[in-house]
>>> print(open('my_file_25.pdb').read())   # PDB, C-alpha atoms and all ligand atoms
ATOM      1  CA  MET A 226     124.895 123.651  76.246  1.00  0.00           C
ATOM      2  CA  SER A 227     121.456 122.931  77.605  1.00  0.00           C
ATOM      3  CA  ALA A 228     122.724 121.399  80.831  1.00  0.00           C
ATOM      4  CA  ARG A 229     122.834 123.958  83.573  1.00  0.00           C
ATOM      5  CA  ARG A 230     124.209 124.427  87.011  1.00  0.00           C
ATOM      6  CA  THR A 231     121.233 123.829  89.226  1.00  0.00           C
ATOM      7  CA  ASP A 232     121.187 127.085  91.117  1.00  0.00           C
ATOM      8  CA  ASN A 233     119.664 128.663  87.975  1.00  0.00           C
ATOM      9  CA  VAL A 234     121.943 131.638  87.954  1.00  0.00           C
ATOM     10  CA  GLN A 235     125.469 130.463  87.749  1.00  0.00           C
ATOM     11  CA  ASN A 236     127.593 127.914  86.081  1.00  0.00           C
ATOM     12  CA  ASN A 237     130.841 127.497  87.873  1.00  0.00           C
ATOM     13  CA  THR A 238     132.446 125.954  84.848  1.00  0.00           C
ATOM     14  CA  LYS A 239     135.009 128.108  83.099  1.00  0.00           C
ATOM     15  CA  GLY A 240     133.931 129.776  79.876  1.00  0.00           C
ATOM     16  CA  LEU A 241     130.202 129.761  80.508  1.00  0.00           C
ATOM     17  CA  THR A 242     128.157 132.825  81.195  1.00  0.00           C
ATOM     18  CA  LYS A 243     126.665 133.699  84.564  1.00  0.00           C
ATOM     19  CA  PRO A 244     123.276 135.208  83.873  1.00  0.00           C
ATOM     20  CA  TYR A 245     122.747 137.385  86.931  1.00  0.00           C
ATOM     21  CA  PRO A 246     119.484 139.324  87.016  1.00  0.00           C
ATOM     22  CA  LYS A 247     119.605 142.867  85.623  1.00  0.00           C
ATOM     23  CA  ALA A 248     120.231 145.333  88.434  1.00  0.00           C
ATOM     24  CA  ASN A 249     117.771 147.929  87.168  1.00  0.00           C
ATOM     25  CA  VAL A 250     114.798 145.628  87.593  1.00  0.00           C
ATOM     26  CA  LEU A 251     115.753 144.218  90.961  1.00  0.00           C
ATOM     27  CA  THR A 252     113.413 144.472  93.878  1.00  0.00           C
ATOM     28  CA  ARG A 253     114.792 144.687  97.413  1.00  0.00           C
ATOM     29  CA  LYS A 254     114.416 140.926  97.692  1.00  0.00           C
ATOM     30  CA  GLY A 255     116.047 140.534  94.302  1.00  0.00           C
ATOM     31  CA  ARG A 256     119.058 142.618  95.377  1.00  0.00           C
ATOM     32  CA  LEU A 257     119.469 140.433  98.433  1.00  0.00           C
ATOM     33  CA  LEU A 258     119.269 137.286  96.338  1.00  0.00           C
ATOM     34  CA  SER A 259     121.740 138.728  93.870  1.00  0.00           C
ATOM     35  CA  LEU A 260     124.155 139.438  96.696  1.00  0.00           C
ATOM     36  CA  LEU A 261     123.770 135.937  98.062  1.00  0.00           C
ATOM     37  CA  TRP A 262     124.344 134.485  94.604  1.00  0.00           C
ATOM     38  CA  ALA A 263     127.470 136.576  94.203  1.00  0.00           C
ATOM     39  CA  PHE A 264     128.836 135.312  97.522  1.00  0.00           C
ATOM     40  CA  ARG A 265     127.934 131.783  96.584  1.00  0.00           C
ATOM     41  CA  SER A 266     129.674 132.157  93.230  1.00  0.00           C
ATOM     42  CA  ILE A 267     132.852 133.361  94.930  1.00  0.00           C
ATOM     43  CA  TRP A 268     132.629 130.568  97.479  1.00  0.00           C
ATOM     44  CA  MET A 269     132.188 127.912  94.799  1.00  0.00           C
ATOM     45  CA  GLU A 270     135.123 129.253  92.795  1.00  0.00           C
ATOM     46  CA  GLU A 271     137.268 129.028  95.884  1.00  0.00           C
ATOM     47  CA  THR A 272     136.085 125.609  96.980  1.00  0.00           C
ATOM     48  CA  ASP A 273     135.955 123.957  93.544  1.00  0.00           C
ATOM     49  CA  SER A 274     138.327 121.057  93.951  1.00  0.00           C
ATOM     50  CA  GLY A 275     139.392 121.232  90.312  1.00  0.00           C
ATOM     51  CA  MET A 276     139.893 117.499  90.509  1.00  0.00           C
ATOM     52  CA  PRO A 277     139.150 115.629  87.279  1.00  0.00           C
ATOM     53  CA  ILE A 278     136.150 113.341  87.073  1.00  0.00           C
ATOM     54  CA  LYS A 279     137.465 109.783  87.167  1.00  0.00           C
ATOM     55  CA  ALA A 280     134.258 107.896  87.928  1.00  0.00           C
ATOM     56  CA  VAL A 281     130.553 108.322  87.266  1.00  0.00           C
ATOM     57  CA  ILE A 282     128.036 106.439  89.349  1.00  0.00           C
ATOM     58  CA  PHE A 283     124.523 106.038  87.994  1.00  0.00           C
ATOM     59  CA  ASP A 284     121.235 105.267  89.607  1.00  0.00           C
ATOM     60  CA  LEU A 285     119.393 102.529  87.710  1.00  0.00           C
ATOM     61  CA  ASP A 286     115.614 103.087  87.421  1.00  0.00           C
ATOM     62  CA  GLY A 287     114.737 106.450  85.904  1.00  0.00           C
ATOM     63  CA  THR A 288     118.389 107.165  85.116  1.00  0.00           C
ATOM     64  CA  ILE A 289     119.891 104.353  83.052  1.00  0.00           C
ATOM     65  CA  THR A 290     116.419 103.014  82.291  1.00  0.00           C
ATOM     66  CA  GLU A 291     113.186 104.883  81.749  1.00  0.00           C
ATOM     67  CA  PRO A 292     111.163 105.438  84.934  1.00  0.00           C
ATOM     68  CA  TYR A 293     109.067 102.345  85.502  1.00  0.00           C
ATOM     69  CA  PHE A 294     107.992 101.780  89.077  1.00  0.00           C
ATOM     70  CA  ASP A 295     104.676 102.964  90.473  1.00  0.00           C
ATOM     71  CA  PHE A 296     105.791 103.021  94.090  1.00  0.00           C
ATOM     72  CA  ASP A 297     102.389 104.137  95.361  1.00  0.00           C
ATOM     73  CA  ALA A 298     100.796 101.078  93.760  1.00  0.00           C
ATOM     74  CA  ILE A 299     103.485  98.807  95.233  1.00  0.00           C
ATOM     75  CA  ARG A 300     102.974 100.379  98.666  1.00  0.00           C
ATOM     76  CA  GLU A 301      99.272  99.741  98.389  1.00  0.00           C
ATOM     77  CA  GLU A 302      99.814  96.126  97.349  1.00  0.00           C
ATOM     78  CA  ILE A 303     102.186  95.558 100.249  1.00  0.00           C
ATOM     79  CA  GLY A 304      99.859  97.317 102.662  1.00  0.00           C
ATOM     80  CA  ILE A 305     102.032 100.317 103.438  1.00  0.00           C
ATOM     81  CA  ASN A 306     100.266 103.613 103.920  1.00  0.00           C
ATOM     82  CA  ARG A 307     100.623 105.911 100.915  1.00  0.00           C
ATOM     83  CA  ASN A 308     102.389 108.379 103.202  1.00  0.00           C
ATOM     84  CA  GLY A 309     104.376 105.633 104.878  1.00  0.00           C
ATOM     85  CA  GLY A 310     107.685 106.716 103.400  1.00  0.00           C
ATOM     86  CA  PRO A 311     110.153 104.708 101.341  1.00  0.00           C
ATOM     87  CA  ILE A 312     109.309 101.019 100.960  1.00  0.00           C
ATOM     88  CA  LEU A 313     112.644  99.560 102.093  1.00  0.00           C
ATOM     89  CA  GLU A 314     112.618 101.603 105.285  1.00  0.00           C
ATOM     90  CA  ALA A 315     108.969 100.729 105.964  1.00  0.00           C
ATOM     91  CA  MET A 316     109.814  97.025 105.606  1.00  0.00           C
ATOM     92  CA  GLU A 317     112.389  97.263 108.379  1.00  0.00           C
ATOM     93  CA  SER A 318     109.658  97.640 110.988  1.00  0.00           C
ATOM     94  CA  MET A 319     107.570  94.707 109.685  1.00  0.00           C
ATOM     95  CA  THR A 320     107.206  91.307 111.277  1.00  0.00           C
ATOM     96  CA  LEU A 321     109.079  88.486 109.581  1.00  0.00           C
ATOM     97  CA  GLU A 322     105.863  87.249 107.973  1.00  0.00           C
ATOM     98  CA  GLN A 323     104.901  90.694 106.693  1.00  0.00           C
ATOM     99  CA  ARG A 324     108.378  91.302 105.424  1.00  0.00           C
ATOM    100  CA  THR A 325     108.580  87.996 103.580  1.00  0.00           C
ATOM    101  CA  ARG A 326     105.344  88.817 101.788  1.00  0.00           C
ATOM    102  CA  ALA A 327     106.486  92.381 101.047  1.00  0.00           C
ATOM    103  CA  GLU A 328     109.780  91.149  99.621  1.00  0.00           C
ATOM    104  CA  ALA A 329     107.971  88.731  97.320  1.00  0.00           C
ATOM    105  CA  ILE A 330     105.794  91.559  95.996  1.00  0.00           C
ATOM    106  CA  LEU A 331     108.804  93.832  95.547  1.00  0.00           C
ATOM    107  CA  HIS A 332     110.833  91.143  93.804  1.00  0.00           C
ATOM    108  CA  PHE A 333     107.947  90.492  91.401  1.00  0.00           C
ATOM    109  CA  HIS A 334     107.757  94.144  90.391  1.00  0.00           C
ATOM    110  CA  GLU A 335     111.532  94.511  90.184  1.00  0.00           C
ATOM    111  CA  GLU A 336     111.890  91.506  87.899  1.00  0.00           C
ATOM    112  CA  LYS A 337     108.992  92.723  85.756  1.00  0.00           C
ATOM    113  CA  ALA A 338     110.752  96.099  85.530  1.00  0.00           C
ATOM    114  CA  VAL A 339     113.857  94.399  84.150  1.00  0.00           C
ATOM    115  CA  SER A 340     111.967  92.435  81.521  1.00  0.00           C
ATOM    116  CA  GLU A 341     110.029  95.511  80.401  1.00  0.00           C
ATOM    117  CA  SER A 342     112.897  97.965  80.773  1.00  0.00           C
ATOM    118  CA  ALA A 343     113.819 100.499  78.117  1.00  0.00           C
ATOM    119  CA  LEU A 344     116.952 102.616  78.165  1.00  0.00           C
ATOM    120  CA  ASN A 345     116.722 106.326  78.788  1.00  0.00           C
ATOM    121  CA  PRO A 346     117.776 108.453  75.805  1.00  0.00           C
ATOM    122  CA  GLY A 347     121.543 108.710  75.597  1.00  0.00           C
ATOM    123  CA  ALA A 348     122.265 105.971  78.123  1.00  0.00           C
ATOM    124  CA  LYS A 349     124.225 103.637  75.881  1.00  0.00           C
ATOM    125  CA  ASP A 350     126.202 106.358  74.120  1.00  0.00           C
ATOM    126  CA  THR A 351     127.015 108.049  77.405  1.00  0.00           C
ATOM    127  CA  LEU A 352     128.354 104.868  78.959  1.00  0.00           C
ATOM    128  CA  GLU A 353     130.428 104.151  75.869  1.00  0.00           C
ATOM    129  CA  GLY A 354     131.731 107.717  75.856  1.00  0.00           C
ATOM    130  CA  LEU A 355     132.765 107.506  79.487  1.00  0.00           C
ATOM    131  CA  ARG A 356     134.543 104.228  78.824  1.00  0.00           C
ATOM    132  CA  GLN A 357     136.426 105.752  75.891  1.00  0.00           C
ATOM    133  CA  ARG A 358     137.583 108.484  78.262  1.00  0.00           C
ATOM    134  CA  GLY A 359     138.864 105.953  80.787  1.00  0.00           C
ATOM    135  CA  ILE A 360     136.224 106.955  83.331  1.00  0.00           C
ATOM    136  CA  ARG A 361     134.971 104.205  85.618  1.00  0.00           C
ATOM    137  CA  ILE A 362     131.256 103.409  85.583  1.00  0.00           C
ATOM    138  CA  GLY A 363     129.363 102.340  88.673  1.00  0.00           C
ATOM    139  CA  ILE A 364     125.730 101.550  89.393  1.00  0.00           C
ATOM    140  CA  LEU A 365     124.237 102.330  92.774  1.00  0.00           C
ATOM    141  CA  THR A 366     120.685 101.177  93.228  1.00  0.00           C
ATOM    142  CA  ARG A 367     118.132 100.496  95.952  1.00  0.00           C
ATOM    143  CA  ASN A 368     117.173  97.553  93.756  1.00  0.00           C
ATOM    144  CA  ARG A 369     118.927  94.189  94.015  1.00  0.00           C
ATOM    145  CA  LYS A 370     122.273  93.782  92.312  1.00  0.00           C
ATOM    146  CA  CYS A 371     120.991  90.865  90.203  1.00  0.00           C
ATOM    147  CA  ASN A 372     118.420  93.149  88.573  1.00  0.00           C
ATOM    148  CA  ALA A 373     121.037  95.735  87.640  1.00  0.00           C
ATOM    149  CA  LEU A 374     123.152  92.989  86.089  1.00  0.00           C
ATOM    150  CA  ALA A 375     120.080  91.688  84.243  1.00  0.00           C
ATOM    151  CA  VAL A 376     119.472  95.170  82.819  1.00  0.00           C
ATOM    152  CA  ALA A 377     123.099  95.270  81.693  1.00  0.00           C
ATOM    153  CA  GLU A 378     122.754  91.922  79.979  1.00  0.00           C
ATOM    154  CA  LYS A 379     119.443  92.749  78.334  1.00  0.00           C
ATOM    155  CA  HIS A 380     120.694  96.031  76.874  1.00  0.00           C
ATOM    156  CA  ARG A 381     124.337  95.002  76.370  1.00  0.00           C
ATOM    157  CA  LEU A 382     125.707  97.566  78.787  1.00  0.00           C
ATOM    158  CA  CYS A 383     128.977  97.293  80.650  1.00  0.00           C
ATOM    159  CA  PHE A 384     129.259  98.459  84.250  1.00  0.00           C
ATOM    160  CA  ASP A 385     132.553  98.327  86.119  1.00  0.00           C
ATOM    161  CA  ALA A 386     130.845  97.672  89.442  1.00  0.00           C
ATOM    162  CA  VAL A 387     127.345  97.458  90.863  1.00  0.00           C
ATOM    163  CA  VAL A 388     126.197  98.120  94.416  1.00  0.00           C
ATOM    164  CA  GLY A 389     122.717  96.901  95.294  1.00  0.00           C
ATOM    165  CA  ARG A 390     120.720  97.042  98.488  1.00  0.00           C
ATOM    166  CA  GLU A 391     122.110  93.723  99.689  1.00  0.00           C
ATOM    167  CA  ASP A 392     125.619  95.204  99.787  1.00  0.00           C
ATOM    168  CA  GLY A 393     125.040  97.682 102.599  1.00  0.00           C
ATOM    169  CA  PRO A 394     122.942 100.637 103.731  1.00  0.00           C
ATOM    170  CA  ALA A 395     120.845 101.919 100.828  1.00  0.00           C
ATOM    171  CA  LYS A 396     120.699 105.453  99.473  1.00  0.00           C
ATOM    172  CA  PRO A 397     120.526 108.123 100.841  1.00  0.00           C
ATOM    173  CA  ASN A 398     123.273 106.605 103.003  1.00  0.00           C
ATOM    174  CA  ALA A 399     126.691 107.475 101.589  1.00  0.00           C
ATOM    175  CA  PHE A 400     127.862 103.867 101.865  1.00  0.00           C
ATOM    176  CA  GLY A 401     127.389 102.935  98.200  1.00  0.00           C
ATOM    177  CA  VAL A 402     129.288 105.925  96.849  1.00  0.00           C
ATOM    178  CA  LEU A 403     132.163 105.447  99.262  1.00  0.00           C
ATOM    179  CA  HIS A 404     132.263 101.730  98.516  1.00  0.00           C
ATOM    180  CA  LEU A 405     132.415 102.309  94.759  1.00  0.00           C
ATOM    181  CA  CYS A 406     135.045 105.035  95.144  1.00  0.00           C
ATOM    182  CA  GLU A 407     137.193 102.664  97.141  1.00  0.00           C
ATOM    183  CA  ARG A 408     136.674  99.961  94.533  1.00  0.00           C
ATOM    184  CA  PHE A 409     137.713 102.356  91.755  1.00  0.00           C
ATOM    185  CA  ALA A 410     140.535 103.892  93.817  1.00  0.00           C
ATOM    186  CA  VAL A 411     139.163 107.387  93.256  1.00  0.00           C
ATOM    187  CA  GLN A 412     138.187 110.183  95.611  1.00  0.00           C
ATOM    188  CA  PRO A 413     134.506 111.100  96.046  1.00  0.00           C
ATOM    189  CA  ALA A 414     135.397 114.592  94.778  1.00  0.00           C
ATOM    190  CA  GLU A 415     136.512 112.920  91.535  1.00  0.00           C
ATOM    191  CA  THR A 416     133.161 111.199  91.198  1.00  0.00           C
ATOM    192  CA  MET A 417     129.798 112.237  89.798  1.00  0.00           C
ATOM    193  CA  LEU A 418     126.579 110.592  90.850  1.00  0.00           C
ATOM    194  CA  VAL A 419     123.744 110.861  88.353  1.00  0.00           C
ATOM    195  CA  GLY A 420     120.221 110.140  89.501  1.00  0.00           C
ATOM    196  CA  ASP A 421     116.600 111.153  89.177  1.00  0.00           C
ATOM    197  CA  TYR A 422     115.554 111.163  92.819  1.00  0.00           C
ATOM    198  CA  LEU A 423     116.279 113.080  95.988  1.00  0.00           C
ATOM    199  CA  PHE A 424     118.072 110.133  97.607  1.00  0.00           C
ATOM    200  CA  ASP A 425     120.623 110.049  94.774  1.00  0.00           C
ATOM    201  CA  LEU A 426     121.516 113.673  95.356  1.00  0.00           C
ATOM    202  CA  LEU A 427     121.614 113.426  99.150  1.00  0.00           C
ATOM    203  CA  CYS A 428     123.752 110.338  98.930  1.00  0.00           C
ATOM    204  CA  ALA A 429     126.231 112.030  96.609  1.00  0.00           C
ATOM    205  CA  ARG A 430     126.381 115.159  98.753  1.00  0.00           C
ATOM    206  CA  SER A 431     126.835 113.157 101.915  1.00  0.00           C
ATOM    207  CA  ALA A 432     129.755 111.239 100.391  1.00  0.00           C
ATOM    208  CA  GLY A 433     131.422 114.331  98.954  1.00  0.00           C
ATOM    209  CA  ALA A 434     130.692 113.406  95.340  1.00  0.00           C
ATOM    210  CA  ILE A 435     129.163 115.686  92.685  1.00  0.00           C
ATOM    211  CA  PRO A 436     125.367 115.294  92.498  1.00  0.00           C
ATOM    212  CA  VAL A 437     123.791 115.464  89.040  1.00  0.00           C
ATOM    213  CA  LEU A 438     120.013 115.440  88.638  1.00  0.00           C
ATOM    214  CA  ILE A 439     118.352 114.040  85.567  1.00  0.00           C
ATOM    215  CA  ALA A 440     115.206 116.147  85.421  1.00  0.00           C
ATOM    216  CA  ASN A 441     113.047 113.888  83.294  1.00  0.00           C
ATOM    217  CA  HIS A 442     110.013 113.876  85.576  1.00  0.00           C
ATOM    218  CA  ASP A 443     107.549 116.227  87.232  1.00  0.00           C
ATOM    219  CA  ARG A 444     109.114 116.167  90.709  1.00  0.00           C
ATOM    220  CA  ALA A 445     112.581 117.195  89.543  1.00  0.00           C
ATOM    221  CA  PRO A 446     112.155 120.878  90.526  1.00  0.00           C
ATOM    222  CA  GLU A 447     111.674 119.780  94.159  1.00  0.00           C
ATOM    223  CA  PHE A 448     115.110 118.177  94.170  1.00  0.00           C
ATOM    224  CA  ALA A 449     117.100 120.489  91.905  1.00  0.00           C
ATOM    225  CA  HIS A 450     118.606 122.647  94.627  1.00  0.00           C
ATOM    226  CA  HIS A 451     120.421 119.564  95.963  1.00  0.00           C
ATOM    227  CA  ALA A 452     122.250 119.047  92.648  1.00  0.00           C
ATOM    228  CA  ASP A 453     125.382 120.699  91.273  1.00  0.00           C
ATOM    229  CA  PHE A 454     124.183 120.074  87.738  1.00  0.00           C
ATOM    230  CA  THR A 455     120.781 119.411  86.245  1.00  0.00           C
ATOM    231  CA  VAL A 456     120.381 117.716  82.880  1.00  0.00           C
ATOM    232  CA  GLN A 457     117.282 116.924  80.913  1.00  0.00           C
ATOM    233  CA  THR A 458     118.775 113.833  79.285  1.00  0.00           C
ATOM    234  CA  LEU A 459     121.979 111.827  79.581  1.00  0.00           C
ATOM    235  CA  HIS A 460     123.132 113.335  76.280  1.00  0.00           C
ATOM    236  CA  GLU A 461     124.180 116.370  78.301  1.00  0.00           C
ATOM    237  CA  LEU A 462     126.499 114.510  80.646  1.00  0.00           C
ATOM    238  CA  LEU A 463     129.629 113.991  78.524  1.00  0.00           C
ATOM    239  CA  PRO A 464     129.981 117.707  77.709  1.00  0.00           C
ATOM    240  CA  ILE A 465     129.826 118.469  81.433  1.00  0.00           C
ATOM    241  CA  VAL A 466     132.496 115.880  82.188  1.00  0.00           C
ATOM    242  CA  ASP A 467     134.697 117.099  79.345  1.00  0.00           C
ATOM    243  CA  ASN A 468     134.292 120.704  80.386  1.00  0.00           C
ATOM    244  CA  HIS A 469     135.100 119.838  83.986  1.00  0.00           C
ATOM    245  CA  ASN A 470     138.134 117.819  82.941  1.00  0.00           C
ATOM    246  CA  GLY A 471     139.297 120.458  80.493  1.00  0.00           C
ATOM    247  CA  VAL A 472     139.344 118.101  77.566  1.00  0.00           C
ATOM    248  CA  HIS A 473     137.507 117.975  74.277  1.00  0.00           C
ATOM    249  CA  GLY A 474     136.339 114.441  73.622  1.00  0.00           C
ATOM    250  CA  PRO A 475     137.833 111.112  74.621  1.00  0.00           C
ATOM    251  CA  VAL A 476     141.286 111.030  76.170  1.00  0.00           C
ATOM    252  CA  ALA A 477     143.721 109.282  73.831  1.00  0.00           C
TER     253      ALA A 477
HETATM  254 MG    MG B   1     115.850 106.401  90.208  1.00  0.00          MG
END
>>> encode(input="my_file_25.pdb", output="structure tokens", more="lines below")
Ligand SMILES: [Mg+2]
Amino acid sequence: MSARRTDNVQNNTKGLTKPYPKANVLTRKGRLLSLLWAFRSIWMEETDSGMPIKAVIFDLDGTITEPYFDFDAIREEIGINRNGGPILEAMESMTLEQRTRAEAILHFHEEKAVSESALNPGAKDTLEGLRQRGIRIGILTRNRKCNALAVAEKHRLCFDAVVGREDGPAKPNAFGVLHLCERFAVQPAETMLVGDYLFDLLCARSAGAIPVLIANHDRAPEFAHHADFTVQTLHELLPIVDNHNGVHGPVA
């Protein structure tokens, strides 16, 4: 399996190897790290909820669809400093006039992203596989809900529920995960959140869900330590779910 537990050295899933560094080549620092990893491994074994995955929540852009947005260019068009932080948060401190203009620019780019969207490899098959297994499928996006629904329609995808930025506090706030879990009547610990950005992982962690990073871009290594699993493509997700749930393929 090419998917790996993100801490590089251990996979807490039963049956997989734990490639600890070889003791005879360890430096002092390496021995310390090895010890820490060993403690962490024990801790994760003890704290693993063992609860089956009953829901998977996906980010939209960069996760279900190929990465599209050039946020630096959008910031520049809106007039936000390149280092001015996330666009939605920057808009909160704008005057009404500035904000109205910024929203119009954002909406233009978001709608263009829908019309030009392409699915990430494995997206359709993964969603269908989850549905066959009876696992609920949610979308949690900082985009508007209407754009997520438009992506679903364009690519003939089926989501069980969508939470957009108009529904409540946006990621990295835990609101969206908790809201979807309540909607699906599942616990956060029974839920995976798959995303390509730091906010996806922080949001999942904050809610008590399982963060999964899709590492299909250059910044992924910056975020990987916040994820429980890192995958290169969505093709790797179903085996992780099946392994976690102790099943082999769809549940009859
Ligand atoms: Mg994303």
>>> residues_near_ligand(input="my_file_25.pdb", ligand="ligand MG 1 (chain B)", cutoff="12 Å", atoms="only C-alpha atoms and all ligand atoms", output="JSON, numbers by chain")
{"A": [283, 284, 285, 286, 287, 288, 289, 290, 291, 292, 293, 294, 295, 296, 345, 364, 365, 366, 367, 368, 396, 397, 418, 419, 420, 421, 422, 423, 424, 425, 426, 438, 439, 440, 441, 442, 444, 445]}
>>> closest_residue(input="my_file_25.pdb", among="A:Leu313, A:Leu427, A:Ala348, A:Ala280", to="A:Glu461", atoms="all atoms listed in the file")
A:Ala348
>>> residues_around(input="my_file_25.pdb", residues="A:Ile303", least_positions_apart="5", cutoff="10 Å", atoms="only C-alpha atoms", output="PyMOL selection string")
chain A and resi 297-298+312+316+323-324+326-331
>>> write_last_selection(input="my_file_25.pdb", atoms="C-alpha atoms", output="PDB file, in the frame of the given file")
ATOM      1  CA  ASP A 297     102.389 104.137  95.361  1.00  0.00           C
ATOM      2  CA  ALA A 298     100.796 101.078  93.760  1.00  0.00           C
ATOM      3  CA  ILE A 312     109.309 101.019 100.960  1.00  0.00           C
ATOM      4  CA  MET A 316     109.814  97.025 105.606  1.00  0.00           C
ATOM      5  CA  GLN A 323     104.901  90.694 106.693  1.00  0.00           C
ATOM      6  CA  ARG A 324     108.378  91.302 105.424  1.00  0.00           C
ATOM      7  CA  ARG A 326     105.344  88.817 101.788  1.00  0.00           C
ATOM      8  CA  ALA A 327     106.486  92.381 101.047  1.00  0.00           C
ATOM      9  CA  GLU A 328     109.780  91.149  99.621  1.00  0.00           C
ATOM     10  CA  ALA A 329     107.971  88.731  97.320  1.00  0.00           C
ATOM     11  CA  ILE A 330     105.794  91.559  95.996  1.00  0.00           C
ATOM     12  CA  LEU A 331     108.804  93.832  95.547  1.00  0.00           C
TER      13      LEU A 331
END
>>> closest_residue(input="my_file_25.pdb", among="A:Asn468, A:Ala395, A:Thr455, A:Leu463", to="A:Asp350", atoms="only C-alpha atoms")
A:Leu463
>>> resolve_selection(input="my_file_25.pdb", expression="the PyMOL selection byres (((chain A and resi 279) around 8) and not hetatm)", output="PyMOL selection string")
chain A and resi 277-278+280-281+359-361+411+415-416
>>> atom_distance(input="my_file_25.pdb", atom1="atom CA of A:Val387", atom2="atom CA of A:Gly354")
18.7 Å
>>> closest_residue(input="my_file_25.pdb", among="A:Ile282, A:Cys371, A:Arg408, A:Ala377", to="A:Leu462", atoms="all atoms listed in the file")
A:Ile282
>>> atom_distance(input="my_file_25.pdb", atom1="atom CA of A:Ala373", atom2="atom CA of A:His334")
13.7 Å
>>> decode(input="my_file_25.pdb", residues="stretch 279-305 of chain A", atoms="C-alpha atoms", output="PDB file, in the first residue's frame")
ATOM      1  CA  LYS A 279     -18.878   5.570   9.064  1.00  0.00           C
ATOM      2  CA  ALA A 280     -18.447   8.894   7.277  1.00  0.00           C
ATOM      3  CA  VAL A 281     -15.846  10.560   5.086  1.00  0.00           C
ATOM      4  CA  ILE A 282     -15.857  14.306   4.659  1.00  0.00           C
ATOM      5  CA  PHE A 283     -14.014  15.783   1.699  1.00  0.00           C
ATOM      6  CA  ASP A 284     -12.665  19.197   0.974  1.00  0.00           C
ATOM      7  CA  LEU A 285     -13.681  20.356  -2.506  1.00  0.00           C
ATOM      8  CA  ASP A 286     -10.937  22.248  -4.396  1.00  0.00           C
ATOM      9  CA  GLY A 287      -7.702  20.286  -4.640  1.00  0.00           C
ATOM     10  CA  THR A 288      -9.334  17.203  -3.124  1.00  0.00           C
ATOM     11  CA  ILE A 289     -12.435  16.225  -5.086  1.00  0.00           C
ATOM     12  CA  THR A 290     -11.376  18.485  -7.949  1.00  0.00           C
ATOM     13  CA  GLU A 291      -7.917  19.282  -9.230  1.00  0.00           C
ATOM     14  CA  PRO A 292      -6.315  22.325  -7.582  1.00  0.00           C
ATOM     15  CA  TYR A 293      -7.511  25.387  -9.446  1.00  0.00           C
ATOM     16  CA  PHE A 294      -7.384  28.606  -7.476  1.00  0.00           C
ATOM     17  CA  ASP A 295      -4.459  31.011  -7.593  1.00  0.00           C
ATOM     18  CA  PHE A 296      -5.167  32.623  -4.242  1.00  0.00           C
ATOM     19  CA  ASP A 297      -2.243  35.032  -4.524  1.00  0.00           C
ATOM     20  CA  ALA A 298      -3.672  36.373  -7.782  1.00  0.00           C
ATOM     21  CA  ILE A 299      -7.139  36.694  -6.223  1.00  0.00           C
ATOM     22  CA  ARG A 300      -5.654  38.503  -3.217  1.00  0.00           C
ATOM     23  CA  GLU A 301      -3.907  40.897  -5.542  1.00  0.00           C
ATOM     24  CA  GLU A 302      -7.085  41.536  -7.525  1.00  0.00           C
ATOM     25  CA  ILE A 303      -9.038  42.197  -4.346  1.00  0.00           C
ATOM     26  CA  GLY A 304      -6.279  44.384  -2.955  1.00  0.00           C
ATOM     27  CA  ILE A 305      -5.232  42.182  -0.062  1.00  0.00           C
TER      28      ILE A 305
END
